[in-house]
file coords-v2.csv (CSV, C-alpha atoms)
chain,number,residue,atom,x,y,z
A,1,MET,CA,-16.9,25.3,-49.0
A,2,PRO,CA,-14.8,25.0,-45.8
A,3,ASP,CA,-11.4,23.4,-46.2
A,4,THR,CA,-12.3,20.4,-44.0
A,5,GLN,CA,-15.3,19.6,-46.1
A,6,THR,CA,-13.2,19.8,-49.3
A,7,ALA,CA,-10.7,17.4,-47.6
A,8,ALA,CA,-13.6,15.1,-46.7
A,9,ARG,CA,-14.7,15.1,-50.3
A,10,LEU,CA,-11.3,14.4,-51.7
A,11,ILE,CA,-10.7,11.5,-49.2
A,12,ALA,CA,-14.1,10.0,-50.1
A,13,GLN,CA,-13.1,9.9,-53.8
A,14,GLU,CA,-9.9,7.8,-53.2
A,15,GLU,CA,-10.6,6.1,-49.9
A,16,ALA,CA,-9.5,2.6,-51.0
A,17,ALA,CA,-6.3,3.9,-52.6
A,18,ILE,CA,-5.4,5.8,-49.5
A,19,VAL,CA,-5.9,2.8,-47.2
A,20,SER,CA,-3.7,0.6,-49.3
A,21,GLU,CA,-1.0,3.2,-49.6
A,22,TRP,CA,-1.2,3.8,-45.8
A,23,LEU,CA,-0.9,0.1,-45.1
A,24,ARG,CA,2.2,-0.2,-47.4
A,25,LEU,CA,3.9,2.7,-45.6
A,26,GLN,CA,3.2,1.1,-42.2
A,27,GLU,CA,4.7,-2.1,-43.3
A,28,VAL,CA,8.0,-0.3,-43.8
A,29,ASP,CA,8.4,1.2,-40.4
A,30,GLY,CA,5.2,0.7,-38.4
A,31,GLY,CA,6.3,-2.5,-36.6
A,32,LEU,CA,4.1,-4.7,-38.7
A,33,GLY,CA,7.0,-7.1,-39.5
A,34,SER,CA,7.2,-8.2,-35.9
A,35,GLY,CA,3.9,-10.0,-36.2
A,36,ARG,CA,2.4,-8.4,-33.1
A,37,VAL,CA,-0.5,-7.2,-35.2
A,38,SER,CA,-1.8,-9.0,-38.3
A,39,SER,CA,-2.2,-7.0,-41.5
A,40,ALA,CA,-6.0,-7.9,-41.6
A,41,GLU,CA,-6.4,-6.5,-38.2
A,42,LEU,CA,-4.4,-3.4,-39.2
A,43,ARG,CA,-6.5,-2.9,-42.3
A,44,VAL,CA,-9.7,-2.9,-40.2
A,45,GLN,CA,-8.2,-0.4,-37.9
A,46,CYS,CA,-7.1,1.8,-40.8
A,47,GLU,CA,-10.5,1.7,-42.6
A,48,ARG,CA,-12.3,2.5,-39.4
A,49,PHE,CA,-10.0,5.4,-38.6
A,50,LEU,CA,-10.3,6.9,-42.1
A,51,SER,CA,-14.1,6.7,-42.3
A,52,LEU,CA,-14.4,8.3,-38.8
A,53,LEU,CA,-12.0,11.0,-39.9
A,54,ARG,CA,-13.9,11.6,-43.1
A,55,ARG,CA,-17.2,11.8,-41.2
A,56,GLY,CA,-15.8,14.3,-38.7
A,57,LEU,CA,-14.3,16.4,-41.5
A,58,ALA,CA,-17.6,16.4,-43.3
A,59,GLU,CA,-19.2,17.8,-40.2
A,60,GLY,CA,-16.7,20.7,-40.3
A,61,ALA,CA,-14.6,19.7,-37.3
A,62,GLU,CA,-11.2,21.4,-37.3
A,63,ALA,CA,-9.6,20.5,-34.0
A,64,VAL,CA,-8.7,17.2,-32.2
A,65,GLN,CA,-11.0,18.1,-29.3
A,66,ASP,CA,-14.0,18.7,-31.5
A,67,PRO,CA,-17.1,16.8,-30.3
A,68,ALA,CA,-17.5,15.4,-33.9
A,69,PHE,CA,-14.2,13.4,-33.2
A,70,THR,CA,-15.3,11.8,-29.9
A,71,GLU,CA,-15.5,8.4,-31.4
A,72,LEU,CA,-12.3,8.8,-33.3
A,73,ARG,CA,-10.5,9.8,-30.1
A,74,ASP,CA,-11.8,6.7,-28.3
A,75,VAL,CA,-10.6,4.5,-31.2
A,76,LEU,CA,-7.2,6.1,-31.1
A,77,ARG,CA,-6.9,5.9,-27.3
A,78,GLU,CA,-7.8,2.2,-27.4
A,79,LEU,CA,-5.3,1.6,-30.2
A,80,SER,CA,-2.4,3.3,-28.4
A,81,ARG,CA,-3.2,1.5,-25.2
A,82,SER,CA,-3.1,-1.9,-26.8
A,83,ARG,CA,0.1,-1.1,-28.7
A,84,ALA,CA,1.7,0.2,-25.5
A,85,ILE,CA,0.8,-3.1,-23.7
A,86,GLN,CA,1.9,-5.2,-26.7
A,87,GLY,CA,5.3,-3.6,-26.5
A,88,PHE,CA,5.4,-1.4,-29.6
A,89,THR,CA,7.9,1.4,-29.6
A,90,PRO,CA,6.6,5.0,-29.4
A,91,THR,CA,7.8,5.5,-33.0
A,92,GLU,CA,6.0,2.5,-34.3
A,93,THR,CA,2.8,3.7,-32.5
A,94,ALA,CA,3.0,7.2,-33.8
A,95,THR,CA,3.7,6.0,-37.3
A,96,PHE,CA,0.1,4.8,-37.5
A,97,ILE,CA,-0.9,8.5,-37.8
A,98,PHE,CA,2.1,10.0,-39.5
A,99,ALA,CA,2.0,7.4,-42.3
A,100,LEU,CA,-1.5,8.5,-43.1
A,101,LYS,CA,-0.3,12.0,-43.8
A,102,GLU,CA,2.1,10.8,-46.4
A,103,ALA,CA,-0.5,8.5,-47.9
A,104,MET,CA,-3.0,11.3,-48.3
A,105,PHE,CA,-0.5,13.9,-49.6
A,106,ARG,CA,-0.9,13.0,-53.2
A,107,THR,CA,-4.7,13.1,-53.0
A,108,LEU,CA,-4.8,16.4,-51.3
A,109,GLN,CA,-2.3,18.1,-53.6
A,110,GLN,CA,-5.2,19.4,-55.6
A,111,ASP,CA,-6.2,21.8,-52.8
A,112,ALA,CA,-3.5,23.4,-50.7
A,113,ASP,CA,-5.9,24.8,-48.0
A,114,ALA,CA,-7.5,21.5,-47.4
A,115,ALA,CA,-4.1,19.8,-47.3
A,116,TRP,CA,-2.9,22.3,-44.7
A,117,ALA,CA,-6.1,21.9,-42.5
A,118,LEU,CA,-5.7,18.1,-42.6
A,119,THR,CA,-2.0,18.2,-41.9
A,120,ARG,CA,-2.6,20.3,-38.8
A,121,LEU,CA,-5.4,18.0,-37.7
A,122,LEU,CA,-3.3,14.8,-38.2
A,123,ASP,CA,-0.4,16.4,-36.2
A,124,GLY,CA,-2.8,16.9,-33.4
A,125,PHE,CA,-3.9,13.3,-33.6
A,126,GLY,CA,-0.3,12.2,-33.6
A,127,LEU,CA,0.3,14.0,-30.4
A,128,TYR,CA,-2.9,12.6,-29.0
A,129,THR,CA,-1.7,9.1,-29.8
A,130,PHE,CA,1.5,9.8,-28.1
A,131,GLU,CA,-0.2,11.0,-25.0
A,132,ALA,CA,-2.4,8.0,-24.8
A,133,TYR,CA,0.6,5.7,-25.3
A,134,GLN,CA,2.5,7.4,-22.5
A,135,ARG,CA,-0.5,7.2,-20.2
A,136,ALA,CA,-0.9,3.5,-20.9
A,137,ARG,CA,2.7,2.9,-20.1
A,138,GLU,CA,2.5,4.8,-16.9
A,139,GLU,CA,-0.5,2.8,-15.9
A,140,VAL,CA,1.5,-0.4,-16.4
A,141,ILE,CA,4.4,1.0,-14.3
A,142,ALA,CA,2.0,2.1,-11.5
A,143,ARG,CA,0.4,-1.4,-11.5
A,144,GLN,CA,3.7,-3.1,-11.3
A,145,GLN,CA,4.8,-0.9,-8.4
A,146,ARG,CA,1.7,-1.8,-6.6
A,147,GLU,CA,2.1,-5.4,-7.2
A,148,ILE,CA,5.8,-5.4,-6.1
A,149,SER,CA,4.9,-3.7,-2.9
A,150,GLU,CA,2.2,-6.2,-2.2
A,151,LEU,CA,4.2,-9.2,-3.3
A,152,SER,CA,7.3,-8.3,-1.3
A,153,THR,CA,5.6,-8.0,2.1
A,154,PRO,CA,4.1,-11.4,2.9
A,155,VAL,CA,3.3,-12.1,6.6
A,156,VAL,CA,3.7,-15.8,7.4
A,157,LYS,CA,2.4,-17.7,10.4
A,158,LEU,CA,5.2,-19.9,11.9
A,159,TRP,CA,3.3,-21.2,14.9
A,160,ASP,CA,0.3,-20.4,16.9
A,161,GLY,CA,0.9,-16.9,18.1
A,162,VAL,CA,4.1,-16.5,16.1
A,163,LEU,CA,4.4,-14.5,12.9
A,164,ALA,CA,7.3,-13.8,10.6
A,165,LEU,CA,7.7,-10.9,8.2
A,166,PRO,CA,10.6,-11.6,5.8
A,167,LEU,CA,11.5,-8.2,4.3
A,168,ILE,CA,13.1,-8.2,0.9
A,169,GLY,CA,14.4,-5.1,-0.9
A,170,THR,CA,14.9,-1.5,0.0
A,171,LEU,CA,12.5,0.0,2.6
A,172,ASP,CA,11.2,3.4,1.7
A,173,SER,CA,8.5,5.4,3.5
A,174,GLU,CA,5.7,4.2,1.2
A,175,ARG,CA,6.7,0.5,1.5
A,176,THR,CA,7.1,0.7,5.2
A,177,GLN,CA,3.6,2.0,5.5
A,178,VAL,CA,2.3,-1.0,3.6
A,179,VAL,CA,4.5,-3.4,5.6
A,180,MET,CA,3.4,-1.8,8.9
A,181,GLU,CA,-0.3,-2.0,8.2
A,182,ASN,CA,0.0,-5.5,6.8
A,183,LEU,CA,1.9,-6.7,9.9
A,184,LEU,CA,-0.4,-5.0,12.4
A,185,GLN,CA,-3.5,-6.3,10.7
A,186,ASN,CA,-2.1,-9.8,10.7
A,187,ILE,CA,-1.3,-9.6,14.4
A,188,VAL,CA,-5.0,-8.9,15.0
A,189,ASP,CA,-6.2,-11.5,12.5
A,190,LEU,CA,-4.0,-14.3,13.7
A,191,ASN,CA,-3.9,-13.3,17.3
A,192,ALA,CA,-0.1,-13.3,17.4
A,193,GLU,CA,1.9,-12.5,20.4
A,194,ILE,CA,5.3,-12.4,18.7
A,195,ALA,CA,6.3,-11.1,15.3
A,196,ILE,CA,9.7,-11.8,13.9
A,197,ILE,CA,11.0,-9.2,11.4
A,198,ASP,CA,13.6,-10.8,9.2
A,199,ILE,CA,15.8,-8.3,7.4
A,200,THR,CA,18.1,-10.8,5.6
A,201,GLY,CA,16.9,-9.5,2.3
A,202,VAL,CA,17.2,-5.8,3.1
A,203,PRO,CA,20.4,-4.5,1.3
A,204,THR,CA,21.0,-1.4,3.4
A,205,VAL,CA,19.8,0.0,6.7
A,206,ASP,CA,20.2,3.7,7.2
A,207,THR,CA,18.8,5.9,9.9
A,208,LEU,CA,15.6,6.3,8.0
A,209,VAL,CA,15.0,2.6,7.6
A,210,ALA,CA,15.9,2.0,11.2
A,211,GLN,CA,13.4,4.7,12.2
A,212,HIS,CA,10.7,3.0,10.1
A,213,LEU,CA,11.5,-0.3,11.8
A,214,LEU,CA,11.3,1.2,15.2
A,215,LYS,CA,7.9,2.8,14.5
A,216,THR,CA,6.6,-0.6,13.3
A,217,ILE,CA,7.9,-2.2,16.5
A,218,ALA,CA,6.5,0.5,18.7
A,219,ALA,CA,3.0,0.1,17.1
A,220,ALA,CA,3.1,-3.7,17.5
A,221,ARG,CA,4.0,-3.2,21.1
A,222,LEU,CA,1.1,-0.9,21.7
A,223,MET,CA,-1.1,-3.6,20.3
A,224,GLY,CA,0.3,-6.1,22.8
A,225,ALA,CA,2.7,-8.0,20.5
A,226,ASP,CA,6.5,-8.3,20.8
A,227,CYS,CA,8.9,-8.0,17.9
A,228,ILE,CA,12.2,-9.8,17.3
A,229,ILE,CA,14.5,-8.6,14.6
A,230,SER,CA,16.6,-11.3,12.9
A,231,GLY,CA,19.0,-11.6,9.9
A,232,ILE,CA,21.0,-8.4,10.4
A,233,ARG,CA,24.1,-9.0,8.2
A,234,PRO,CA,27.6,-8.2,9.5
A,235,GLN,CA,28.1,-5.1,7.3
A,236,ILE,CA,24.7,-3.8,8.3
A,237,ALA,CA,25.4,-4.3,11.9
A,238,GLN,CA,28.6,-2.3,11.5
A,239,THR,CA,26.9,0.5,9.6
A,240,MET,CA,24.2,0.7,12.2
A,241,VAL,CA,26.6,1.0,15.0
A,242,HIS,CA,28.7,3.6,13.1
A,243,LEU,CA,25.6,5.6,12.3
A,244,GLY,CA,24.6,5.6,16.0
A,245,VAL,CA,21.4,3.7,15.3
A,246,ASP,CA,20.2,2.0,18.5
A,247,LEU,CA,17.4,-0.4,17.7
A,248,ASN,CA,16.8,-1.2,21.3
A,249,VAL,CA,14.9,-4.4,20.6
A,250,VAL,CA,15.7,-8.0,20.8
A,251,THR,CA,17.8,-9.0,17.9
A,252,LYS,CA,18.9,-12.5,16.8
A,253,ALA,CA,21.4,-13.5,14.2
A,254,SER,CA,19.1,-15.8,12.2
A,255,LEU,CA,15.5,-16.5,11.7
A,256,ALA,CA,16.0,-19.9,13.3
A,257,ASP,CA,17.4,-18.4,16.5
A,258,ALA,CA,14.5,-15.8,16.6
A,259,PHE,CA,12.0,-18.6,16.1
A,260,ALA,CA,13.5,-20.7,19.0
A,261,LEU,CA,13.2,-17.6,21.3
A,262,ALA,CA,9.7,-17.0,20.1
A,263,LEU,CA,8.7,-20.6,20.9
A,264,ARG,CA,10.2,-20.3,24.4
A,265,ARG,CA,8.2,-17.1,25.0
A,266,VAL,CA,4.9,-18.7,24.0
A,267,GLY,CA,5.7,-21.7,26.2
A,268,GLN,CA,6.5,-24.2,23.5
A,269,SER,CA,9.6,-26.2,23.0
A,270,VAL,CA,11.3,-28.2,20.2
A,271,GLY,CA,12.8,-31.5,21.0
A,272,ARG,CA,14.4,-34.4,19.2
A,273,ALA,CA,12.3,-37.3,18.0
A,274,ALA,CA,12.9,-40.5,16.1
A,275,PRO,CA,13.1,-39.7,12.4
A,276,VAL,CA,10.0,-40.6,10.4
A,277,ALA,CA,10.6,-42.3,7.1
A,278,ARG,CA,9.5,-40.3,4.1
A,279,PRO,CA,6.6,-41.9,2.2
A,280,GLY,CA,8.0,-43.8,-0.8
A,281,ALA,CA,11.6,-43.6,0.5
B,1,MET,CA,-23.0,13.3,31.8
B,2,ASN,CA,-22.1,9.8,30.6
B,3,ARG,CA,-19.6,7.9,32.5
B,4,ILE,CA,-17.6,4.9,31.5
B,5,PRO,CA,-18.4,1.9,33.8
B,6,ILE,CA,-15.6,0.3,35.8
B,7,LEU,CA,-16.1,-3.4,36.6
B,8,ARG,CA,-14.3,-5.3,39.3
B,9,LEU,CA,-12.9,-8.6,38.3
B,10,GLY,CA,-11.1,-10.3,41.2
B,11,GLN,CA,-8.1,-8.2,42.0
B,12,ALA,CA,-8.3,-6.2,38.8
B,13,LEU,CA,-10.5,-3.4,37.5
B,14,LEU,CA,-11.9,-3.7,33.9
B,15,VAL,CA,-12.7,-0.6,31.9
B,16,THR,CA,-14.2,-1.2,28.4
B,17,ILE,CA,-14.3,1.9,26.3
B,18,GLN,CA,-17.1,1.5,23.8
B,19,VAL,CA,-17.9,5.1,22.9
B,20,ASP,CA,-16.0,7.8,21.3
B,21,MET,CA,-13.8,9.3,23.9
B,22,HIS,CA,-14.1,13.0,24.3
B,23,ASP,CA,-11.9,15.0,26.6
B,24,GLU,CA,-14.4,15.4,29.4
B,25,LEU,CA,-15.2,11.7,29.5
B,26,ALA,CA,-11.5,10.9,29.6
B,27,LEU,CA,-10.9,13.2,32.6
B,28,ALA,CA,-13.9,11.7,34.4
B,29,LEU,CA,-12.6,8.3,33.8
B,30,GLU,CA,-9.2,9.2,35.2
B,31,GLU,CA,-10.9,10.5,38.4
B,32,ASP,CA,-13.3,7.6,38.8
B,33,LEU,CA,-10.6,5.0,38.2
B,34,THR,CA,-8.3,6.6,40.8
B,35,GLN,CA,-11.1,6.6,43.4
B,36,LYS,CA,-12.0,3.0,42.6
B,37,ILE,CA,-8.4,1.7,42.8
B,38,TRP,CA,-8.1,3.4,46.2
B,39,ALA,CA,-11.5,2.1,47.4
B,40,THR,CA,-11.0,-1.5,46.3
B,41,GLY,CA,-7.3,-1.9,46.6
B,42,ALA,CA,-7.1,-3.4,43.1
B,43,ARG,CA,-3.8,-4.6,41.9
B,44,GLY,CA,-4.3,-4.2,38.2
B,45,VAL,CA,-6.3,-2.1,35.7
B,46,LEU,CA,-7.3,-3.5,32.3
B,47,ILE,CA,-8.4,-0.9,29.8
B,48,ASP,CA,-10.0,-2.5,26.7
B,49,ILE,CA,-9.9,-0.1,23.8
B,50,SER,CA,-10.8,-2.6,21.1
B,51,ALA,CA,-13.8,-0.6,20.1
B,52,LEU,CA,-11.9,2.7,20.0
B,53,GLU,CA,-11.4,3.8,16.5
B,54,VAL,CA,-10.2,7.4,16.9
B,55,VAL,CA,-7.5,8.7,19.2
B,56,ASP,CA,-5.8,12.0,19.6
B,57,SER,CA,-2.8,13.2,21.6
B,58,PHE,CA,-5.1,14.0,24.5
B,59,ILE,CA,-6.4,10.4,24.8
B,60,GLY,CA,-2.8,9.2,24.5
B,61,ARG,CA,-1.7,11.4,27.3
B,62,MET,CA,-4.7,10.4,29.4
B,63,LEU,CA,-3.8,6.7,29.1
B,64,HIS,CA,-0.3,7.6,30.2
B,65,ALA,CA,-1.7,9.6,33.2
B,66,ILE,CA,-3.9,6.8,34.2
B,67,ALA,CA,-1.0,4.4,34.1
B,68,SER,CA,1.2,6.7,36.2
B,69,VAL,CA,-1.5,7.3,38.8
B,70,SER,CA,-2.3,3.6,39.0
B,71,ARG,CA,1.4,2.8,39.5
B,72,VAL,CA,1.6,5.2,42.5
B,73,LEU,CA,-1.4,3.3,44.0
B,74,ASP,CA,0.4,0.0,43.3
B,75,ALA,CA,-1.9,-1.1,40.4
B,76,GLU,CA,-0.5,-2.0,37.1
B,77,THR,CA,-2.2,-0.8,33.9
B,78,VAL,CA,-2.6,-3.0,30.9
B,79,VAL,CA,-4.0,-1.6,27.7
B,80,VAL,CA,-5.6,-4.3,25.6
B,81,GLY,CA,-7.0,-4.7,22.1
B,82,MET,CA,-5.6,-1.6,20.5
B,83,ARG,CA,-6.5,-1.5,16.8
B,84,PRO,CA,-3.7,-1.2,14.2
B,85,ALA,CA,-4.8,2.2,13.0
B,86,VAL,CA,-4.9,3.5,16.5
B,87,ALA,CA,-1.4,2.1,17.2
B,88,ILE,CA,0.0,3.7,14.0
B,89,THR,CA,-1.6,7.0,15.0
B,90,LEU,CA,-0.1,7.0,18.5
B,91,VAL,CA,3.3,6.1,17.1
B,92,GLU,CA,3.1,8.9,14.5
B,93,LEU,CA,2.1,11.3,17.3
B,94,GLY,CA,5.3,10.2,19.2
B,95,LEU,CA,3.2,8.7,22.0
B,96,GLU,CA,4.7,5.3,22.3
B,97,LEU,CA,3.3,5.0,25.9
B,98,PRO,CA,6.4,3.7,27.6
B,99,GLY,CA,5.7,2.2,31.0
B,100,ILE,CA,2.3,0.8,29.9
B,101,ARG,CA,1.9,-2.9,29.5
B,102,THR,CA,-0.1,-4.0,26.5
B,103,ALA,CA,-1.8,-7.2,25.5
B,104,LEU,CA,-3.8,-8.5,22.5
B,105,ASP,CA,-7.0,-9.2,24.3
B,106,VAL,CA,-8.6,-9.1,27.8
B,107,GLU,CA,-7.8,-12.7,28.4
B,108,ARG,CA,-4.1,-12.2,27.8
B,109,GLY,CA,-4.1,-9.0,29.8
B,110,MET,CA,-5.6,-10.9,32.8
B,111,ALA,CA,-2.9,-13.6,32.4
B,112,LEU,CA,-0.3,-10.8,32.4
B,113,LEU,CA,-1.6,-9.4,35.7
B,114,ARG,CA,-1.8,-12.8,37.2
B,115,ARG,CA,1.8,-13.6,36.3
B,116,ARG,CA,2.9,-10.4,38.0
B,117,ASP,CA,1.0,-11.2,41.1
B,118,ASP,CA,2.4,-14.7,41.2
B,119,ALA,CA,6.0,-13.4,40.7
B,120,GLU,CA,5.5,-10.9,43.6
B,121,ALA,CA,4.1,-13.6,45.9
B,122,GLU,CA,7.2,-15.8,45.2
B,123,GLY,CA,9.4,-12.8,46.0
B,124,ASP,CA,7.6,-12.3,49.3
B,125,VAL,CA,8.1,-15.9,50.2
B,126,GLU,CA,11.8,-15.7,49.4
B,127,ARG,CA,12.2,-12.5,51.5
B,128,ARG,CA,10.8,-14.3,54.5
call {"tool": "encode", "arguments": {"input": "coords-v2.csv", "output": "structure tokens"}}
result
Amino acid sequence: MPDTQTAARLIAQEEAAIVSEWLRLQEVDGGLGSGRVSSAELRVQCERFLSLLRRGLAEGAEAVQDPAFTELRDVLRELSRSRAIQGFTPTETATFIFALKEAMFRTLQQDADAAWALTRLLDGFGLYTFEAYQRAREEVIARQQREISELSTPVVKLWDGVLALPLIGTLDSERTQVVMENLLQNIVDLNAEIAIIDITGVPTVDTLVAQHLLKTIAAARLMGADCIISGIRPQIAQTMVHLGVDLNVVTKASLADAFALALRRVGQSVGRAAPVARPGA
Amino acid sequence: MNRIPILRLGQALLVTIQVDMHDELALALEEDLTQKIWATGARGVLIDISALEVVDSFIGRMLHAIASVSRVLDAETVVVGMRPAVAITLVELGLELPGIRTALDVERGMALLRRRDDAEAEGDVERR
């Protein structure tokens, strides 16, 4: 009888005992105490895993990638994913598998070959868990990056034909690409003649950032819109001059100044009027 | 061979590019336009490229050449309706088309040409 089938038989004999021992071990260092997963839920997960494992072993599967373990792999992947999102540490996540090894040790002592086959298999599953956990975390990071780049480049309409693009945060090539496309698309959609790029929130401007800005401005000009840059902070102005960066576009100190110029260009003006009482004041 | 129609609109010529520009077509356009400016004494050329989705460096250079030739014949070129993707491509190619006026649409382009005419007319009055 192959080792895996021996292991399956031994597990079947003491399945309930293994599960409770497994649960006990996870309580110690599996992150159960934090209350992110209930013990009832964990028991269901453990029973499911063990029965799938036993079935796979009975079919003679020896490696993690064996087709007999397809369902087991899916369960494990989903488990790691949900733990990664819930904020379990990698150790707590991997403990799920490694605690099983300890729990089954006593049962499998009767057959050294079966114990060895199972140990190797569980190590493989441990690594698989880890990989799935890592992938889930990376997905989260990638999604956040995407959200940040979308969130931080809003294009706002200030007036008919006047757009503002308040830039916040460091500009790198990838973000500039998003900013550029966003701005140009909005120029078309809103039929804007003037775009004000406000860089008050940009911490540093180096030659690369300046080049990105210039490209955006050149592209906007090709489409028939003018750009005004506003909010250059004193240190940045100094840095730019020392670096020899020549923006060669209209710049204004504040967004308000830029807006006033934009209004003049589109033939509008702002004047004083009698103050209107606030409703309820 | 296909040719791109050139329409006369008051003192200006209107060219609407609605097909994919290939090199031969571009060269033919340059020639036709030069002839037409000379024949009609037009003061402005509006090139509407809002339907143009793909550009290469040749088209970029062609636009530049048309603008230069027109200027020699005292007509100002305004390129209107460039799409964002086209603008990005031209900038990445290093063709920022200096010396060409641009506008968002044909209407604004016409207004631009008219303002230029008005300004010149005022200048003539002052000179006298």
call {"tool": "residues_near_point", "arguments": {"input": "coords-v2.csv", "point": "(-10.8, 9.4, -51.4)", "cutoff": "12 Å", "atoms": "only C-alpha atoms", "output": "PyMOL selection string"}}
result
chain A and resi 6-21+47+50-51+53-54+103-108
call {"tool": "closest_atom_pairs", "arguments": {"input": "coords-v2.csv", "of": "region 146-234 of chain A", "to": "region 78-93 of chain B", "cutoff": "10 Å", "atoms": "only C-alpha atoms", "output": "tab-separated table"}}
result
residue	atom	partner	partner_atom	distance
A:Gln177	CA	B:Ile88	CA	9.4
A:Met180	CA	B:Ile88	CA	8.2
A:Glu181	CA	B:Pro84	CA	6.9
A:Asn182	CA	B:Pro84	CA	9.3
A:Leu183	CA	B:Pro84	CA	8.9
A:Leu184	CA	B:Pro84	CA	5.3
A:Gln185	CA	B:Pro84	CA	6.2
A:Asn186	CA	B:Pro84	CA	9.4
A:Ile187	CA	B:Pro84	CA	8.7
A:Val188	CA	B:Arg83	CA	7.8
A:Leu214	CA	B:Val91	CA	9.6
A:Lys215	CA	B:Val91	CA	6.2
A:Thr216	CA	B:Ile88	CA	7.9
A:Ile217	CA	B:Val91	CA	9.5
A:Ala218	CA	B:Val91	CA	6.6
A:Ala219	CA	B:Ala87	CA	4.8
A:Ala220	CA	B:Ala87	CA	7.3
A:Arg221	CA	B:Ala87	CA	8.5
A:Leu222	CA	B:Ala87	CA	6.0
A:Met223	CA	B:Met82	CA	4.9
A:Gly224	CA	B:Val80	CA	6.8
call {"tool": "atom_distance", "arguments": {"input": "coords-v2.csv", "atom1": "CA of Glu41 (chain A)", "atom2": "CA of Thr91 (chain A)"}}
result
19.3 Å
call {"tool": "atom_distance", "arguments": {"input": "coords-v2.csv", "atom1": "CA of Ala58 (chain A)", "atom2": "CA of Arg83 (chain A)"}}
result
28.9 Å
call {"tool": "residues_near_point", "arguments": {"input": "coords-v2.csv", "point": "(-0.7, 16.5, 21.1)", "cutoff": "9 Å", "atoms": "only C-alpha atoms", "output": "list in words"}}
result
Asp56, Ser57, Phe58, Gly60, Arg61, Leu93, Gly94 and Leu95 of chain B
call {"tool": "atom_distance", "arguments": {"input": "coords-v2.csv", "atom1": "CA of Ala132 (chain A)", "atom2": "CA of Val28 (chain A)"}}
result
23.2 Å
call {"tool": "closest_residue", "arguments": {"input": "coords-v2.csv", "among": "B:Leu97, B:Ala39, B:Ala51, B:Val106", "to": "Leu73 (chain B)", "atoms": "all atoms listed in the file"}}
result
B:Ala39
call {"tool": "residues_around", "arguments": {"input": "coords-v2.csv", "residues": "Arg135 (chain A)", "least_positions_apart": "4", "cutoff": "10 Å", "atoms": "all atoms listed in the file", "output": "CSV table (one decimal) with C-alpha atoms, in the frame of the given file"}}
result
chain,number,residue,atom,x,y,z
A,77,ARG,CA,-6.9,5.9,-27.3
A,80,SER,CA,-2.4,3.3,-28.4
A,81,ARG,CA,-3.2,1.5,-25.2
A,84,ALA,CA,1.7,0.2,-25.5
A,129,THR,CA,-1.7,9.1,-29.8
A,130,PHE,CA,1.5,9.8,-28.1
A,131,GLU,CA,-0.2,11.0,-25.0
A,139,GLU,CA,-0.5,2.8,-15.9
A,140,VAL,CA,1.5,-0.4,-16.4
A,141,ILE,CA,4.4,1.0,-14.3
call {"tool": "residues_around", "arguments": {"input": "coords-v2.csv", "residues": "region 161-163 of chain A", "least_positions_apart": "5", "cutoff": "12 Å", "atoms": "only C-alpha atoms", "output": "number ranges by chain"}}
result
A: 154-156, 182-198, 220, 224-229, 255, 258-268; B: 104, 108
call {"tool": "write_last_selection", "arguments": {"input": "coords-v2.csv", "atoms": "C-alpha atoms", "output": "CSV table (one decimal), keeping the file's coordinate frame"}}
result
chain,number,residue,atom,x,y,z
A,154,PRO,CA,4.1,-11.4,2.9
A,155,VAL,CA,3.3,-12.1,6.6
A,156,VAL,CA,3.7,-15.8,7.4
A,182,ASN,CA,0.0,-5.5,6.8
A,183,LEU,CA,1.9,-6.7,9.9
A,184,LEU,CA,-0.4,-5.0,12.4
A,185,GLN,CA,-3.5,-6.3,10.7
A,186,ASN,CA,-2.1,-9.8,10.7
A,187,ILE,CA,-1.3,-9.6,14.4
A,188,VAL,CA,-5.0,-8.9,15.0
A,189,ASP,CA,-6.2,-11.5,12.5
A,190,LEU,CA,-4.0,-14.3,13.7
A,191,ASN,CA,-3.9,-13.3,17.3
A,192,ALA,CA,-0.1,-13.3,17.4
A,193,GLU,CA,1.9,-12.5,20.4
A,194,ILE,CA,5.3,-12.4,18.7
A,195,ALA,CA,6.3,-11.1,15.3
A,196,ILE,CA,9.7,-11.8,13.9
A,197,ILE,CA,11.0,-9.2,11.4
A,198,ASP,CA,13.6,-10.8,9.2
A,220,ALA,CA,3.1,-3.7,17.5
A,224,GLY,CA,0.3,-6.1,22.8
A,225,ALA,CA,2.7,-8.0,20.5
A,226,ASP,CA,6.5,-8.3,20.8
A,227,CYS,CA,8.9,-8.0,17.9
A,228,ILE,CA,12.2,-9.8,17.3
A,229,ILE,CA,14.5,-8.6,14.6
A,255,LEU,CA,15.5,-16.5,11.7
A,258,ALA,CA,14.5,-15.8,16.6
A,259,PHE,CA,12.0,-18.6,16.1
A,260,ALA,CA,13.5,-20.7,19.0
A,261,LEU,CA,13.2,-17.6,21.3
A,262,ALA,CA,9.7,-17.0,20.1
A,263,LEU,CA,8.7,-20.6,20.9
A,264,ARG,CA,10.2,-20.3,24.4
A,265,ARG,CA,8.2,-17.1,25.0
A,266,VAL,CA,4.9,-18.7,24.0
A,267,GLY,CA,5.7,-21.7,26.2
A,268,GLN,CA,6.5,-24.2,23.5
B,104,LEU,CA,-3.8,-8.5,22.5
B,108,ARG,CA,-4.1,-12.2,27.8
call {"tool": "residues_around", "arguments": {"input": "coords-v2.csv", "residues": "Val19 (chain B)", "least_positions_apart": "5", "cutoff": "10 Å", "atoms": "only C-alpha atoms", "output": "ChimeraX atom specification"}}
result
/B:2,4,25,49,51-53
call {"tool": "residues_around", "arguments": {"input": "coords-v2.csv", "residues": "region 93-102 of chain A", "least_positions_apart": "6", "cutoff": "10 Å", "atoms": "all atoms listed in the file", "output": "JSON, numbers by chain"}}
result
{"A": [18, 19, 21, 22, 23, 24, 25, 26, 27, 28, 29, 30, 31, 42, 45, 46, 49, 50, 76, 79, 80, 81, 82, 83, 84, 87, 108, 115, 118, 119, 120, 121, 122, 123, 124, 125, 126, 127, 128, 129, 130, 133]}
